>>> print(open('run-v3.csv').read())   # CSV, C-alpha atoms
chain,number,residue,atom,x,y,z
A,1,MET,CA,0.0,0.0,0.0
A,2,TYR,CA,1.5,3.3,-1.1
A,3,LYS,CA,0.6,6.4,0.8
A,4,ILE,CA,1.0,9.6,-1.3
A,5,MET,CA,0.3,13.1,-0.2
A,6,LEU,CA,-0.1,16.0,-2.6
A,7,CYS,CA,0.5,19.4,-1.1
A,8,CYS,CA,-0.6,22.7,-2.6
A,9,SER,CA,-1.7,26.2,-1.5
A,10,ALA,CA,-5.1,25.2,-0.1
A,11,GLY,CA,-5.5,21.5,-0.9
A,12,MET,CA,-8.0,22.3,-3.6
A,13,SER,CA,-6.1,22.6,-6.8
A,14,THR,CA,-4.6,19.2,-6.5
A,15,SER,CA,-7.9,17.4,-5.9
A,16,MET,CA,-8.5,16.8,-9.6
A,17,LEU,CA,-5.1,15.3,-9.9
A,18,VAL,CA,-5.7,13.1,-6.9
A,19,ARG,CA,-8.8,11.7,-8.6
A,20,LYS,CA,-6.8,11.0,-11.8
A,21,MET,CA,-4.1,9.3,-9.8
A,22,GLU,CA,-6.7,7.2,-7.9
A,23,GLN,CA,-8.2,6.1,-11.2
A,24,ALA,CA,-4.8,5.2,-12.6
A,25,ALA,CA,-4.1,3.1,-9.5
A,26,ALA,CA,-7.4,1.3,-9.8
A,27,ASP,CA,-6.8,0.7,-13.5
A,28,ASN,CA,-3.4,-0.9,-12.7
A,29,ASN,CA,-4.4,-2.8,-9.6
A,30,ILE,CA,-2.1,-0.6,-7.4
A,31,GLU,CA,-3.1,-0.2,-3.8
A,32,ALA,CA,-2.6,3.4,-2.9
A,33,THR,CA,-4.0,6.1,-0.6
A,34,ILE,CA,-3.7,9.5,-2.2
A,35,ALA,CA,-4.8,12.7,-0.6
A,36,ALA,CA,-4.4,16.5,-1.1
A,37,HIS,CA,-3.7,18.8,1.8
A,38,GLY,CA,-2.9,22.5,2.0
A,39,ALA,CA,0.7,23.5,2.9
A,40,ASP,CA,-0.7,24.9,6.1
A,41,GLN,CA,-1.6,21.3,7.1
A,42,PHE,CA,1.8,19.8,6.2
A,43,ASP,CA,3.1,19.3,9.8
A,44,GLN,CA,-0.1,17.7,10.9
A,45,GLN,CA,-0.5,15.4,7.9
A,46,GLN,CA,2.9,14.4,6.6
A,47,GLY,CA,3.4,11.6,9.2
A,48,GLU,CA,0.7,9.5,7.5
A,49,TYR,CA,2.4,9.3,4.1
A,50,ASP,CA,5.4,7.7,2.4
A,51,VAL,CA,6.1,10.5,-0.1
A,52,ILE,CA,5.0,14.1,-0.5
A,53,LEU,CA,4.5,15.7,-3.9
A,54,LEU,CA,4.2,19.5,-4.1
A,55,GLY,CA,2.1,21.3,-6.6
A,56,PRO,CA,4.2,23.6,-8.7
A,57,GLN,CA,2.7,26.7,-7.1
A,58,VAL,CA,4.3,25.7,-3.7
A,59,GLY,CA,7.5,24.5,-5.2
A,60,TYR,CA,9.3,27.4,-3.5
A,61,MET,CA,8.6,25.7,-0.2
A,62,LYS,CA,10.4,22.5,-1.0
A,63,ASP,CA,13.5,23.1,1.1
A,64,SER,CA,11.5,24.1,4.2
A,65,LEU,CA,9.1,21.2,3.9
A,66,THR,CA,11.8,18.7,3.2
A,67,SER,CA,13.5,19.7,6.4
A,68,ARG,CA,10.3,18.9,8.3
A,69,ALA,CA,9.4,15.6,6.4
A,70,ASP,CA,11.2,13.1,8.7
A,71,GLY,CA,13.4,11.9,5.9
A,72,LYS,CA,10.6,11.2,3.5
A,73,PRO,CA,10.9,12.2,-0.2
A,74,VAL,CA,9.5,15.6,-1.0
A,75,GLU,CA,9.5,16.6,-4.7
A,76,VAL,CA,7.8,19.2,-6.9
A,77,ILE,CA,5.4,17.8,-9.5
A,78,ASN,CA,6.4,18.5,-13.1
A,79,PRO,CA,4.4,21.6,-14.2
A,80,ILE,CA,3.5,19.9,-17.5
A,81,ASP,CA,2.2,16.7,-15.9
A,82,TYR,CA,0.4,18.8,-13.3
A,83,GLY,CA,-1.3,21.1,-15.9
A,84,MET,CA,-2.3,18.1,-18.1
A,85,GLN,CA,-3.5,16.2,-15.0
A,86,ASN,CA,-1.5,13.2,-16.0
A,87,GLY,CA,-2.5,11.0,-13.1
A,88,GLU,CA,-0.8,7.8,-14.3
A,89,LYS,CA,2.6,9.5,-14.9
A,90,VAL,CA,2.5,11.3,-11.5
A,91,LEU,CA,1.4,8.1,-9.7
A,92,ASN,CA,4.2,6.1,-11.2
A,93,TRP,CA,6.8,8.8,-10.4
A,94,ALA,CA,5.5,9.0,-6.8
A,95,ILE,CA,5.9,5.2,-6.4
A,96,SER,CA,9.4,5.4,-7.8
A,97,LEU,CA,10.4,7.9,-5.1
A,98,ILE,CA,9.3,5.6,-2.3
>>> encode(input="run-v3.csv", output="structure tokens")
Amino acid sequence: MYKIMLCCSAGMSTSMLVRKMEQAAADNNIEATIAAHGADQFDQQQGEYDVILLGPQVGYMKDSLTSRADGKPVEVINPIDYGMQNGEKVLNWAISLI
């Protein structure tokens, strides 16, 4: 079971990508828990996940969030994949980081 957190400004803009990633996981028989949270919830939520992906709009926070992520991978989603809502590609990339 993979646990993937997407982090953005308010947790809303990534919700569509979460749905696309969940669909890709279902289509490929991958067990995954995927959720979006706002950056203001990072400290409360990050402990539940294996990897944290940042929306491009909060990419500038990567160093700060990485230092608070208990050694978990924290990476910024490719803006093209984010914009095109390429759930399968982002899912596979997230799994490769774990």
>>> residues_around(input="run-v3.csv", residues="segment 74-86 of chain A", least_positions_apart="4", cutoff="8 Å", atoms="all atoms listed in the file", output="list in words")
Met16, Leu17, Lys20, Met21, Val51, Ile52, Leu53, Leu54, Gly55, Pro56, Gly59, Lys62, Leu65, Thr66, Ala69 and Val90 of chain A
>>> write_last_selection(input="run-v3.csv", atoms="C-alpha atoms", output="PDB file, in the coordinates of the input")
ATOM      1  CA  MET A  16      -8.500  16.800  -9.600  1.00  0.00           C
ATOM      2  CA  LEU A  17      -5.100  15.300  -9.900  1.00  0.00           C
ATOM      3  CA  LYS A  20      -6.800  11.000 -11.800  1.00  0.00           C
ATOM      4  CA  MET A  21      -4.100   9.300  -9.800  1.00  0.00           C
ATOM      5  CA  VAL A  51       6.100  10.500  -0.100  1.00  0.00           C
ATOM      6  CA  ILE A  52       5.000  14.100  -0.500  1.00  0.00           C
ATOM      7  CA  LEU A  53       4.500  15.700  -3.900  1.00  0.00           C
ATOM      8  CA  LEU A  54       4.200  19.500  -4.100  1.00  0.00           C
ATOM      9  CA  GLY A  55       2.100  21.300  -6.600  1.00  0.00           C
ATOM     10  CA  PRO A  56       4.200  23.600  -8.700  1.00  0.00           C
ATOM     11  CA  GLY A  59       7.500  24.500  -5.200  1.00  0.00           C
ATOM     12  CA  LYS A  62      10.400  22.500  -1.000  1.00  0.00           C
ATOM     13  CA  LEU A  65       9.100  21.200   3.900  1.00  0.00           C
ATOM     14  CA  THR A  66      11.800  18.700   3.200  1.00  0.00           C
ATOM     15  CA  ALA A  69       9.400  15.600   6.400  1.00  0.00           C
ATOM     16  CA  VAL A  90       2.500  11.300 -11.500  1.00  0.00           C
TER      17      VAL A  90
END
>>> residues_around(input="run-v3.csv", residues="Ala24 of chain A", least_positions_apart="5", cutoff="10 Å", atoms="all atoms listed in the file", output="PyMOL selection string")
chain A and resi 18-19+29-30+86-92
>>> atom_distance(input="run-v3.csv", atom1="atom CA of Ala10 of chain A", atom2="atom CA of Asp70 of chain A")
22.1 Å
>>> residues_near_point(input="run-v3.csv", point="(6.8, 15.0, 7.4)", cutoff="7 Å", atoms="only C-alpha atoms", output="PyMOL selection string")
chain A and resi 43+46-47+68-70+72
>>> residues_around(input="run-v3.csv", residues="Ser15 of chain A", least_positions_apart="4", cutoff="9 Å", atoms="all atoms listed in the file", output="ChimeraX atom specification")
/A:6,11,19-20,35-37
>>> closest_residue(input="run-v3.csv", among="A:Glu22, A:Tyr49, A:Pro73, A:Gln44", to="Leu97 of chain A", atoms="all atoms listed in the file")
A:Pro73
>>> atom_distance(input="run-v3.csv", atom1="atom CA of Gln57 of chain A", atom2="atom CA of Asp27 of chain A")
28.4 Å
>>> atom_distance(input="run-v3.csv", atom1="atom CA of Asp63 of chain A", atom2="atom CA of Ala25 of chain A")
28.7 Å
>>> closest_residue(input="run-v3.csv", among="A:Gln45, A:Met61, A:Lys3, A:Cys8", to="Thr33 of chain A", atoms="only C-alpha atoms")
A:Lys3
>>> build_atoms(input="run-v3.csv", residues="segment 52-69 of chain A", atoms="N, CA and C atoms", output="PDB file, in the frame of the given file")
ATOM      1  N   ILE A  52       5.764  12.860  -0.370  1.00  0.00           N
ATOM      2  CA  ILE A  52       5.000  14.100  -0.500  1.00  0.00           C
ATOM      3  C   ILE A  52       5.349  14.769  -1.794  1.00  0.00           C
ATOM      4  N   LEU A  53       4.317  15.035  -2.590  1.00  0.00           N
ATOM      5  CA  LEU A  53       4.500  15.700  -3.900  1.00  0.00           C
ATOM      6  C   LEU A  53       3.907  17.125  -3.730  1.00  0.00           C
ATOM      7  N   LEU A  54       4.659  18.097  -4.181  1.00  0.00           N
ATOM      8  CA  LEU A  54       4.200  19.500  -4.100  1.00  0.00           C
ATOM      9  C   LEU A  54       3.695  19.970  -5.421  1.00  0.00           C
ATOM     10  N   GLY A  55       2.573  20.677  -5.376  1.00  0.00           N
ATOM     11  CA  GLY A  55       2.100  21.300  -6.600  1.00  0.00           C
ATOM     12  C   GLY A  55       3.112  22.397  -6.975  1.00  0.00           C
ATOM     13  N   PRO A  56       3.234  22.662  -8.276  1.00  0.00           N
ATOM     14  CA  PRO A  56       4.200  23.600  -8.700  1.00  0.00           C
ATOM     15  C   PRO A  56       4.089  25.001  -8.048  1.00  0.00           C
ATOM     16  N   GLN A  57       2.871  25.378  -7.666  1.00  0.00           N
ATOM     17  CA  GLN A  57       2.700  26.700  -7.100  1.00  0.00           C
ATOM     18  C   GLN A  57       3.271  26.810  -5.663  1.00  0.00           C
ATOM     19  N   VAL A  58       3.606  25.687  -5.026  1.00  0.00           N
ATOM     20  CA  VAL A  58       4.300  25.700  -3.700  1.00  0.00           C
ATOM     21  C   VAL A  58       5.684  25.142  -3.802  1.00  0.00           C
ATOM     22  N   GLY A  59       6.199  25.002  -5.001  1.00  0.00           N
ATOM     23  CA  GLY A  59       7.500  24.500  -5.200  1.00  0.00           C
ATOM     24  C   GLY A  59       8.608  25.224  -4.429  1.00  0.00           C
ATOM     25  N   TYR A  60       8.380  26.518  -4.263  1.00  0.00           N
ATOM     26  CA  TYR A  60       9.300  27.400  -3.500  1.00  0.00           C
ATOM     27  C   TYR A  60       9.486  26.930  -2.082  1.00  0.00           C
ATOM     28  N   MET A  61       8.545  26.129  -1.564  1.00  0.00           N
ATOM     29  CA  MET A  61       8.600  25.700  -0.200  1.00  0.00           C
ATOM     30  C   MET A  61       9.317  24.365   0.020  1.00  0.00           C
ATOM     31  N   LYS A  62       9.844  23.808  -1.066  1.00  0.00           N
ATOM     32  CA  LYS A  62      10.400  22.500  -1.000  1.00  0.00           C
ATOM     33  C   LYS A  62      11.481  22.313   0.077  1.00  0.00           C
ATOM     34  N   ASP A  63      12.455  23.227   0.152  1.00  0.00           N
ATOM     35  CA  ASP A  63      13.500  23.100   1.100  1.00  0.00           C
ATOM     36  C   ASP A  63      12.975  23.114   2.565  1.00  0.00           C
ATOM     37  N   SER A  64      12.074  24.036   2.825  1.00  0.00           N
ATOM     38  CA  SER A  64      11.500  24.100   4.200  1.00  0.00           C
ATOM     39  C   SER A  64      10.697  22.888   4.522  1.00  0.00           C
ATOM     40  N   LEU A  65       9.878  22.401   3.593  1.00  0.00           N
ATOM     41  CA  LEU A  65       9.100  21.200   3.900  1.00  0.00           C
ATOM     42  C   LEU A  65       9.912  19.965   3.972  1.00  0.00           C
ATOM     43  N   THR A  66      10.937  19.860   3.143  1.00  0.00           N
ATOM     44  CA  THR A  66      11.800  18.700   3.200  1.00  0.00           C
ATOM     45  C   THR A  66      12.468  18.596   4.577  1.00  0.00           C
ATOM     46  N   SER A  67      12.855  19.716   5.135  1.00  0.00           N
ATOM     47  CA  SER A  67      13.500  19.700   6.400  1.00  0.00           C
ATOM     48  C   SER A  67      12.568  19.253   7.560  1.00  0.00           C
ATOM     49  N   ARG A  68      11.264  19.271   7.289  1.00  0.00           N
ATOM     50  CA  ARG A  68      10.300  18.900   8.300  1.00  0.00           C
ATOM     51  C   ARG A  68       9.587  17.555   7.956  1.00  0.00           C
ATOM     52  N   ALA A  69      10.100  16.819   6.959  1.00  0.00           N
ATOM     53  CA  ALA A  69       9.400  15.600   6.400  1.00  0.00           C
ATOM     54  C   ALA A  69       9.934  14.318   7.000  1.00  0.00           C
TER      55      ALA A  69
END
